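Chemist: Got a structure here, written out as structure tokens. Questions coming.
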Amino acid sequence: MKEGPVHIFNEEALSKNQPIFIVEGEIDAMSIMETGKAEAIGLGSVANINIFMKALYKAKKARKDDFYPTLLIALDNDDAGNRAINKLTTQLNQVEVTNYVVQIARGSKDANEALVKGRAQFTKDIENTLKDPDNRLQGLLDYINRNEEVEAIPTGFSNLDQVLDGGLYEGLYGIGAISSLGKTTFVLQIADYIAQLDRKPVLYFTLEMGTYELMTKSISRITFENTQGEETLAQGTRSLLKGKWKQRYNKAQYANVMQSFKEYGDFYSNVIIHDGSEARPTIYDISKTVNSYVARTGNKPVVIIDYLQILKPTNERGTDKANVTTSVNEMKKIATRYHIPVIVISSFNRLNYNSPVSMEAFKESGDIEYSTDVLIGLQLSGVGQKDFDVNEAKKQTPREVEAVILKNRNGATGDTLHYAYYSMFNKFLDMDSLEEPERQPQEAQSQVDDEGRVFSSTKEYREYLGQE
């Protein structure tokens, strides 16, 4: 039985200039040391990570230099171990301690079980891990095995999903357009679809619009969807933000708004909005937030950054292009670290406002054209043609918008997808597939008008509107 205060087993190994295995139990640490190949530290419990970090700081302070040993993380192969790995690696990365997550107990729960099962193989696994902590060959095999069960995350746009082989995968996705074309609306519609239909978390980092403005854009779109395009019953963002609906809306309009709030309330908590419109974050701030979220929840979210050019510079003395390049490269690392999609919105340089989208439009955007796995440019239909007027095209209702696939690392490029954009109601319609994707049915009831009338479904509400 363990007695006395909590302590880290073999803590003194932190003072040595050699790789150290970090395992969960004291017996696991002794099992590694039994091979005579390496030092090991036992946490005693996954609850002792903060105590271990204090021991690490203490060892560094005692040396009075910048030395930190290379740590090989080999916690138990179970859910608790995986959560602890996320928490520990997040803290180590934040203080820039070199660490690798390694697998020395393949097919076993922990190091001691692997030793008992086969000393020779366990010793060989220890030796191979010390030679190649990345274990690239086995890492590749594990990656392929994981991908056998990986399913695409649909965007809600059938034409886009078809081009992307079903939807979003691990990687960096860039979406660019000229100012006020609908970049945020397009990506927010994707975020809401993922949150509602797939029930997956989305971390949305907004640097231009506030939280409430984004939320009302979503509700505005739902008011439009619920009335099947009947604009007199739908509401725009500004109309919703003004409030006092009972005085300004008729009965049907008010009922529609309340029903839309109810439907939005069913999934909005899956879209976690981080408002950076006032205190803008650097890409490293965003990376720390993602690390913390994964460590805290164990969930792997879709990450959206809106938008690239107004991220706080990582180096105040660096050029704009150098800072953007640093940001893009860190976004790519986030995607590969957690095997998740990261979507970044980008503006175009002004020389391309009246030209068809191309890689040239991203030339002042650092390495976005090189680092992204998929690069999409949104443009107004007819851009580049004689007498085209961008301001007149923006006035059209709906706007005719095209999405051009400029880069698709694992698929075809050059496709042009067609959308009708109802800017007043924050809604993009897929014109290539014609039919909108099926929306999640709503089962909960809600009071929606002055007479206490409730609706159990969108269908019932539409029937009510028809009667009115």
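Please note that chains go A, B, ... in the order of the structure tokens, that every chain numbers its residues from 1, and that ligands are numbered from 1 in the order shown.
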May I have all residues of region 292-429 of chain A that DSSP, computed from the backbone, assigns to strand (DSSP E), given as a JSON list (two decimals) with C-alpha atoms, in the first residue's frame?
Modeler:
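The result, written out as part32.json:
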[["chain", "number", "residue", "atom", "x", "y", "z"],
["A", 302, "VAL", "CA", -13.40, 21.42, -35.98],
["A", 303, "VAL", "CA", -11.47, 24.70, -35.66],
["A", 304, "ILE", "CA", -12.45, 27.88, -37.56],
["A", 305, "ILE", "CA", -10.36, 31.07, -37.61],
["A", 306, "ASP", "CA", -12.09, 34.20, -38.91],
["A", 341, "PRO", "CA", -10.00, 20.01, -39.89],
["A", 342, "VAL", "CA", -8.89, 23.61, -39.42],
["A", 343, "ILE", "CA", -10.65, 26.23, -41.57],
["A", 344, "VAL", "CA", -9.09, 29.67, -42.00],
["A", 345, "ILE", "CA", -10.83, 32.57, -43.73],
["A", 346, "SER", "CA", -8.65, 34.91, -45.75],
["A", 347, "SER", "CA", -9.17, 38.20, -47.54],
["A", 374, "VAL", "CA", -7.69, 22.67, -49.78],
["A", 375, "LEU", "CA", -7.95, 26.25, -51.02],
["A", 376, "ILE", "CA", -11.30, 27.70, -52.11],
["A", 377, "GLY", "CA", -11.94, 31.11, -53.61],
["A", 378, "LEU", "CA", -15.41, 32.67, -53.51],
["A", 379, "GLN", "CA", -16.30, 35.07, -56.31],
["A", 380, "LEU", "CA", -19.31, 36.85, -57.78],
["A", 399, "ARG", "CA", -26.31, 37.16, -55.23],
["A", 400, "GLU", "CA", -24.87, 34.62, -57.63],
["A", 401, "VAL", "CA", -21.71, 33.34, -55.95],
["A", 402, "GLU", "CA", -19.23, 30.77, -57.19],
["A", 403, "ALA", "CA", -16.76, 28.70, -55.18],
["A", 404, "VAL", "CA", -13.67, 27.81, -57.21],
["A", 405, "ILE", "CA", -11.55, 24.88, -55.99],
["A", 406, "LEU", "CA", -8.07, 26.30, -56.47],
["A", 407, "LYS", "CA", -6.24, 23.54, -54.65],
["A", 408, "ASN", "CA", -7.26, 20.08, -53.48],
["A", 416, "THR", "CA", -16.62, 25.74, -59.92],
["A", 417, "LEU", "CA", -19.57, 25.38, -57.55],
["A", 418, "HIS", "CA", -22.65, 27.59, -57.75],
["A", 419, "TYR", "CA", -24.60, 29.19, -54.90],
["A", 420, "ALA", "CA", -27.44, 31.64, -54.42],
["A", 421, "TYR", "CA", -26.59, 33.92, -51.51],
["A", 422, "TYR", "CA", -29.43, 35.67, -49.67],
["A", 427, "LYS", "CA", -28.21, 31.92, -46.27],
["A", 428, "PHE", "CA", -26.30, 30.14, -49.04],
["A", 429, "LEU", "CA", -28.23, 27.74, -51.29]]
Chemist: Please tabulate, as a Markdown table, the residues of region 270-366 of chain A that come within 12 Å of region 166-188 of chain A, each with its closest pair of atoms and the distance in Å to one decimal, counting only C-alpha atoms and ordering rows by chain, then residue number upward.
Modeler:
| residue | atom | partner | partner_atom | distance |
| --- | --- | --- | --- | --- |
| A:Val271 | CA | A:Leu188 | CA | 9.5 |
| A:Ile272 | CA | A:Leu188 | CA | 11.8 |
| A:Ile273 | CA | A:Leu188 | CA | 10.8 |
| A:Lys300 | CA | A:Glu170 | CA | 10.8 |
| A:Pro301 | CA | A:Glu170 | CA | 10.8 |
| A:Val302 | CA | A:Leu168 | CA | 9.1 |
| A:Val303 | CA | A:Leu172 | CA | 9.6 |
| A:Ile304 | CA | A:Val187 | CA | 8.1 |
| A:Ile305 | CA | A:Gly174 | CA | 9.8 |
| A:Asp306 | CA | A:Thr184 | CA | 7.1 |
| A:Tyr307 | CA | A:Thr184 | CA | 8.6 |
| A:Leu308 | CA | A:Gly174 | CA | 9.5 |
| A:Gln309 | CA | A:Gly176 | CA | 11.0 |
| A:Ser327 | CA | A:Leu172 | CA | 11.9 |
| A:Val328 | CA | A:Leu172 | CA | 8.8 |
| A:Asn329 | CA | A:Leu172 | CA | 9.6 |
| A:Glu330 | CA | A:Leu172 | CA | 10.3 |
| A:Met331 | CA | A:Leu172 | CA | 7.1 |
| A:Lys332 | CA | A:Leu172 | CA | 5.8 |
| A:Lys333 | CA | A:Leu172 | CA | 9.1 |
| A:Ile334 | CA | A:Gly171 | CA | 8.9 |
| A:Ala335 | CA | A:Gly171 | CA | 5.3 |
| A:Thr336 | CA | A:Gly171 | CA | 6.7 |
| A:Arg337 | CA | A:Glu170 | CA | 9.6 |
| A:Tyr338 | CA | A:Glu170 | CA | 8.3 |
| A:His339 | CA | A:Glu170 | CA | 4.9 |
| A:Ile340 | CA | A:Glu170 | CA | 4.3 |
| A:Pro341 | CA | A:Glu170 | CA | 4.6 |
| A:Val342 | CA | A:Leu172 | CA | 4.9 |
| A:Ile343 | CA | A:Tyr173 | CA | 4.6 |
| A:Val344 | CA | A:Gly174 | CA | 5.0 |
| A:Ile345 | CA | A:Ile175 | CA | 4.9 |
| A:Ser346 | CA | A:Gly176 | CA | 4.5 |
| A:Ser347 | CA | A:Gly176 | CA | 5.4 |
| A:Phe348 | CA | A:Ile178 | CA | 5.3 |
| A:Asn349 | CA | A:Ile178 | CA | 7.8 |
| A:Arg350 | CA | A:Ile178 | CA | 7.8 |
| A:Leu351 | CA | A:Ile178 | CA | 10.1 |
| A:Asn352 | CA | A:Ile178 | CA | 8.0 |
| A:Tyr353 | CA | A:Ile178 | CA | 6.1 |
| A:Asn354 | CA | A:Ile178 | CA | 9.3 |
| A:Ser355 | CA | A:Ile178 | CA | 10.4 |
| A:Pro356 | CA | A:Ala177 | CA | 10.4 |
| A:Val357 | CA | A:Ala177 | CA | 8.0 |
| A:Ser358 | CA | A:Gly176 | CA | 10.1 |
| A:Met359 | CA | A:Gly176 | CA | 10.3 |
| A:Glu360 | CA | A:Gly176 | CA | 11.6 |
| A:Ala361 | CA | A:Gly176 | CA | 8.5 |
| A:Phe362 | CA | A:Gly176 | CA | 7.9 |
| A:Lys363 | CA | A:Gly176 | CA | 11.7 |
| A:Ser365 | CA | A:Gly176 | CA | 10.1 |
Chemist: Identify, on the basis of only C-alpha atoms, every residue whose closest approach to region 228-239 of chain A does not exceed 6 Å; exclude the query and any residue fewer than 4 positions from it along the same chain; express the result as a PDB file with N, CA, C and O atoms, in the first residue's frame.
Modeler:
ATOM      1  N   THR A 216     -26.857  35.866 -34.059  1.00  0.00           N
ATOM      2  CA  THR A 216     -28.055  36.351 -34.741  1.00  0.00           C
ATOM      3  C   THR A 216     -27.997  36.077 -36.243  1.00  0.00           C
ATOM      4  O   THR A 216     -29.040  35.922 -36.877  1.00  0.00           O
ATOM      5  N   LYS A 217     -26.803  35.994 -36.812  1.00  0.00           N
ATOM      6  CA  LYS A 217     -26.689  35.581 -38.223  1.00  0.00           C
ATOM      7  C   LYS A 217     -27.257  34.163 -38.389  1.00  0.00           C
ATOM      8  O   LYS A 217     -27.976  33.879 -39.342  1.00  0.00           O
ATOM      9  N   SER A 220     -31.062  34.278 -37.927  1.00  0.00           N
ATOM     10  CA  SER A 220     -31.647  34.887 -39.123  1.00  0.00           C
ATOM     11  C   SER A 220     -31.783  33.853 -40.241  1.00  0.00           C
ATOM     12  O   SER A 220     -32.823  33.770 -40.901  1.00  0.00           O
ATOM     13  N   THR A 223     -34.691  31.551 -39.572  1.00  0.00           N
ATOM     14  CA  THR A 223     -36.004  32.152 -39.857  1.00  0.00           C
ATOM     15  C   THR A 223     -36.315  32.074 -41.350  1.00  0.00           C
ATOM     16  O   THR A 223     -37.466  31.906 -41.748  1.00  0.00           O
ATOM     17  N   PHE A 224     -35.302  32.181 -42.170  1.00  0.00           N
ATOM     18  CA  PHE A 224     -35.468  32.095 -43.626  1.00  0.00           C
ATOM     19  C   PHE A 224     -35.777  30.660 -44.040  1.00  0.00           C
ATOM     20  O   PHE A 224     -36.669  30.406 -44.858  1.00  0.00           O
ATOM     21  N   GLN A 253     -44.668  36.622 -37.867  1.00  0.00           N
ATOM     22  CA  GLN A 253     -43.244  36.934 -37.803  1.00  0.00           C
ATOM     23  C   GLN A 253     -42.688  36.609 -36.418  1.00  0.00           C
ATOM     24  O   GLN A 253     -41.618  36.012 -36.286  1.00  0.00           O
ATOM     25  N   MET A 424     -29.326  39.203 -46.982  1.00  0.00           N
ATOM     26  CA  MET A 424     -30.172  39.755 -45.927  1.00  0.00           C
ATOM     27  C   MET A 424     -30.435  38.733 -44.835  1.00  0.00           C
ATOM     28  O   MET A 424     -30.501  39.069 -43.641  1.00  0.00           O
ATOM     29  N   PHE A 425     -30.513  37.445 -45.233  1.00  0.00           N
ATOM     30  CA  PHE A 425     -30.885  36.403 -44.286  1.00  0.00           C
ATOM     31  C   PHE A 425     -29.765  35.388 -44.061  1.00  0.00           C
ATOM     32  O   PHE A 425     -30.007  34.308 -43.534  1.00  0.00           O
TER      33      PHE A 425
END
Chemist: Please list as a list of chain:residue names every residue within 12 Å of Pro281 (chain A), counting only C-alpha atoms and excluding residues in the same chain fewer than 3 positions away.
Modeler: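 So, after excluding close chain neighbours, the residues are A:Phe205, A:Thr206, A:Leu207, A:Glu208, A:His274, A:Asp275, A:Gly276, A:Ser277, A:Glu278, A:Tyr284, A:Asp285, A:Ile286, A:Ser287, A:Lys288, A:Thr289, A:Ile305, A:Asp306, A:Tyr307, A:Leu308, A:Gln309, A:Ile310, A:Leu311, A:Lys312, A:Pro313, A:Thr314, A:Ser327.
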Chemist: Could the residues in this selection be written to a file with C-alpha atoms, as a PDB file, in the first residue's frame?
Modeler:
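Generated file (result-v5.pdb):
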ATOM      1  CA  PHE A 205     -12.413  32.082 -33.279  1.00  0.00           C
ATOM      2  CA  THR A 206     -13.937  35.361 -34.447  1.00  0.00           C
ATOM      3  CA  LEU A 207     -11.672  38.390 -34.729  1.00  0.00           C
ATOM      4  CA  GLU A 208     -13.978  40.802 -36.521  1.00  0.00           C
ATOM      5  CA  HIS A 274     -14.166  32.712 -28.829  1.00  0.00           C
ATOM      6  CA  ASP A 275     -14.629  36.440 -29.286  1.00  0.00           C
ATOM      7  CA  GLY A 276     -11.350  38.130 -30.198  1.00  0.00           C
ATOM      8  CA  SER A 277     -12.915  41.206 -31.767  1.00  0.00           C
ATOM      9  CA  GLU A 278     -11.524  43.428 -28.997  1.00  0.00           C
ATOM     10  CA  TYR A 284      -0.250  30.784 -30.371  1.00  0.00           C
ATOM     11  CA  ASP A 285      -3.091  31.954 -28.112  1.00  0.00           C
ATOM     12  CA  ILE A 286      -5.502  30.041 -30.349  1.00  0.00           C
ATOM     13  CA  SER A 287      -3.260  26.975 -30.286  1.00  0.00           C
ATOM     14  CA  LYS A 288      -3.178  27.025 -26.467  1.00  0.00           C
ATOM     15  CA  THR A 289      -6.977  27.299 -26.355  1.00  0.00           C
ATOM     16  CA  ILE A 305     -10.356  31.068 -37.605  1.00  0.00           C
ATOM     17  CA  ASP A 306     -12.089  34.198 -38.906  1.00  0.00           C
ATOM     18  CA  TYR A 307      -9.931  35.695 -40.236  1.00  0.00           C
ATOM     19  CA  LEU A 308      -6.229  35.358 -41.064  1.00  0.00           C
ATOM     20  CA  GLN A 309      -5.140  38.917 -41.765  1.00  0.00           C
ATOM     21  CA  ILE A 310      -6.345  40.387 -38.465  1.00  0.00           C
ATOM     22  CA  LEU A 311      -4.688  37.893 -36.137  1.00  0.00           C
ATOM     23  CA  LYS A 312      -2.402  39.666 -33.700  1.00  0.00           C
ATOM     24  CA  PRO A 313       1.183  39.471 -35.036  1.00  0.00           C
ATOM     25  CA  THR A 314       3.436  36.916 -33.373  1.00  0.00           C
ATOM     26  CA  SER A 327       0.256  31.832 -38.336  1.00  0.00           C
TER      27      SER A 327
END
Chemist: Taking 3 positions as the minimum chain separation for residues in the same chain, which residues sit within 10 Å of Ala13 (chain A) when counting only C-alpha atoms? Answer as a PyMOL selection string.
Modeler: chain A and resi 9-10+16-21+39-41+59+69
Chemist: Any idea what's packed within 9 Å of Leu43 (chain A), counting only C-alpha atoms, ignoring anything in its chain fewer than 6 positions away? Could you give it as a list in words?
Modeler: His7, Ile8, Phe9, Ile22, Val23, Glu24, Gly25, Glu26, Ala29, Ile49, Ile51 and Phe52 of chain A
Chemist: Those residues with N, CA, C and O atoms, as a PDB file, in the first residue's frame please?
Modeler:
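Wrote it out as part.pdb, contents follow:
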ATOM      1  N   HIS A   7       4.084  11.638  -3.944  1.00  0.00           N
ATOM      2  CA  HIS A   7       5.371  11.982  -4.525  1.00  0.00           C
ATOM      3  C   HIS A   7       5.510  11.284  -5.878  1.00  0.00           C
ATOM      4  O   HIS A   7       4.759  10.367  -6.206  1.00  0.00           O
ATOM      5  N   ILE A   8       6.458  11.747  -6.661  1.00  0.00           N
ATOM      6  CA  ILE A   8       6.730  11.183  -7.981  1.00  0.00           C
ATOM      7  C   ILE A   8       7.825  10.138  -7.840  1.00  0.00           C
ATOM      8  O   ILE A   8       8.901  10.419  -7.292  1.00  0.00           O
ATOM      9  N   PHE A   9       7.559   8.940  -8.348  1.00  0.00           N
ATOM     10  CA  PHE A   9       8.536   7.852  -8.231  1.00  0.00           C
ATOM     11  C   PHE A   9       9.730   8.092  -9.157  1.00  0.00           C
ATOM     12  O   PHE A   9       9.572   8.354 -10.338  1.00  0.00           O
ATOM     13  N   ILE A  22       7.955   8.394 -19.141  1.00  0.00           N
ATOM     14  CA  ILE A  22       6.992   8.818 -18.134  1.00  0.00           C
ATOM     15  C   ILE A  22       5.815   7.854 -18.204  1.00  0.00           C
ATOM     16  O   ILE A  22       5.125   7.767 -19.222  1.00  0.00           O
ATOM     17  N   VAL A  23       5.594   7.118 -17.123  1.00  0.00           N
ATOM     18  CA  VAL A  23       4.527   6.123 -17.093  1.00  0.00           C
ATOM     19  C   VAL A  23       3.604   6.426 -15.913  1.00  0.00           C
ATOM     20  O   VAL A  23       3.875   7.315 -15.101  1.00  0.00           O
ATOM     21  N   GLU A  24       2.545   5.645 -15.831  1.00  0.00           N
ATOM     22  CA  GLU A  24       1.514   5.945 -14.835  1.00  0.00           C
ATOM     23  C   GLU A  24       1.860   5.396 -13.460  1.00  0.00           C
ATOM     24  O   GLU A  24       1.809   6.114 -12.457  1.00  0.00           O
ATOM     25  N   GLY A  25       2.229   4.121 -13.385  1.00  0.00           N
ATOM     26  CA  GLY A  25       2.448   3.481 -12.096  1.00  0.00           C
ATOM     27  C   GLY A  25       3.915   3.255 -11.768  1.00  0.00           C
ATOM     28  O   GLY A  25       4.778   3.203 -12.650  1.00  0.00           O
ATOM     29  N   GLU A  26       4.200   3.118 -10.473  1.00  0.00           N
ATOM     30  CA  GLU A  26       5.567   2.857 -10.034  1.00  0.00           C
ATOM     31  C   GLU A  26       6.077   1.518 -10.567  1.00  0.00           C
ATOM     32  O   GLU A  26       7.239   1.386 -10.966  1.00  0.00           O
ATOM     33  N   ALA A  29       7.219   1.875 -14.099  1.00  0.00           N
ATOM     34  CA  ALA A  29       8.542   2.494 -14.187  1.00  0.00           C
ATOM     35  C   ALA A  29       9.636   1.480 -13.890  1.00  0.00           C
ATOM     36  O   ALA A  29      10.659   1.408 -14.593  1.00  0.00           O
ATOM     37  N   ILE A  49      -0.328  14.905 -12.436  1.00  0.00           N
ATOM     38  CA  ILE A  49       0.398  15.598 -13.505  1.00  0.00           C
ATOM     39  C   ILE A  49       0.920  16.951 -13.038  1.00  0.00           C
ATOM     40  O   ILE A  49       2.064  17.322 -13.317  1.00  0.00           O
ATOM     41  N   ILE A  51       1.718  17.825 -10.046  1.00  0.00           N
ATOM     42  CA  ILE A  51       2.829  17.581  -9.116  1.00  0.00           C
ATOM     43  C   ILE A  51       4.090  17.256  -9.910  1.00  0.00           C
ATOM     44  O   ILE A  51       5.196  17.711  -9.577  1.00  0.00           O
ATOM     45  N   PHE A  52       3.940  16.482 -10.988  1.00  0.00           N
ATOM     46  CA  PHE A  52       5.089  16.162 -11.844  1.00  0.00           C
ATOM     47  C   PHE A  52       5.665  17.426 -12.478  1.00  0.00           C
ATOM     48  O   PHE A  52       6.890  17.600 -12.545  1.00  0.00           O
TER      49      PHE A  52
END
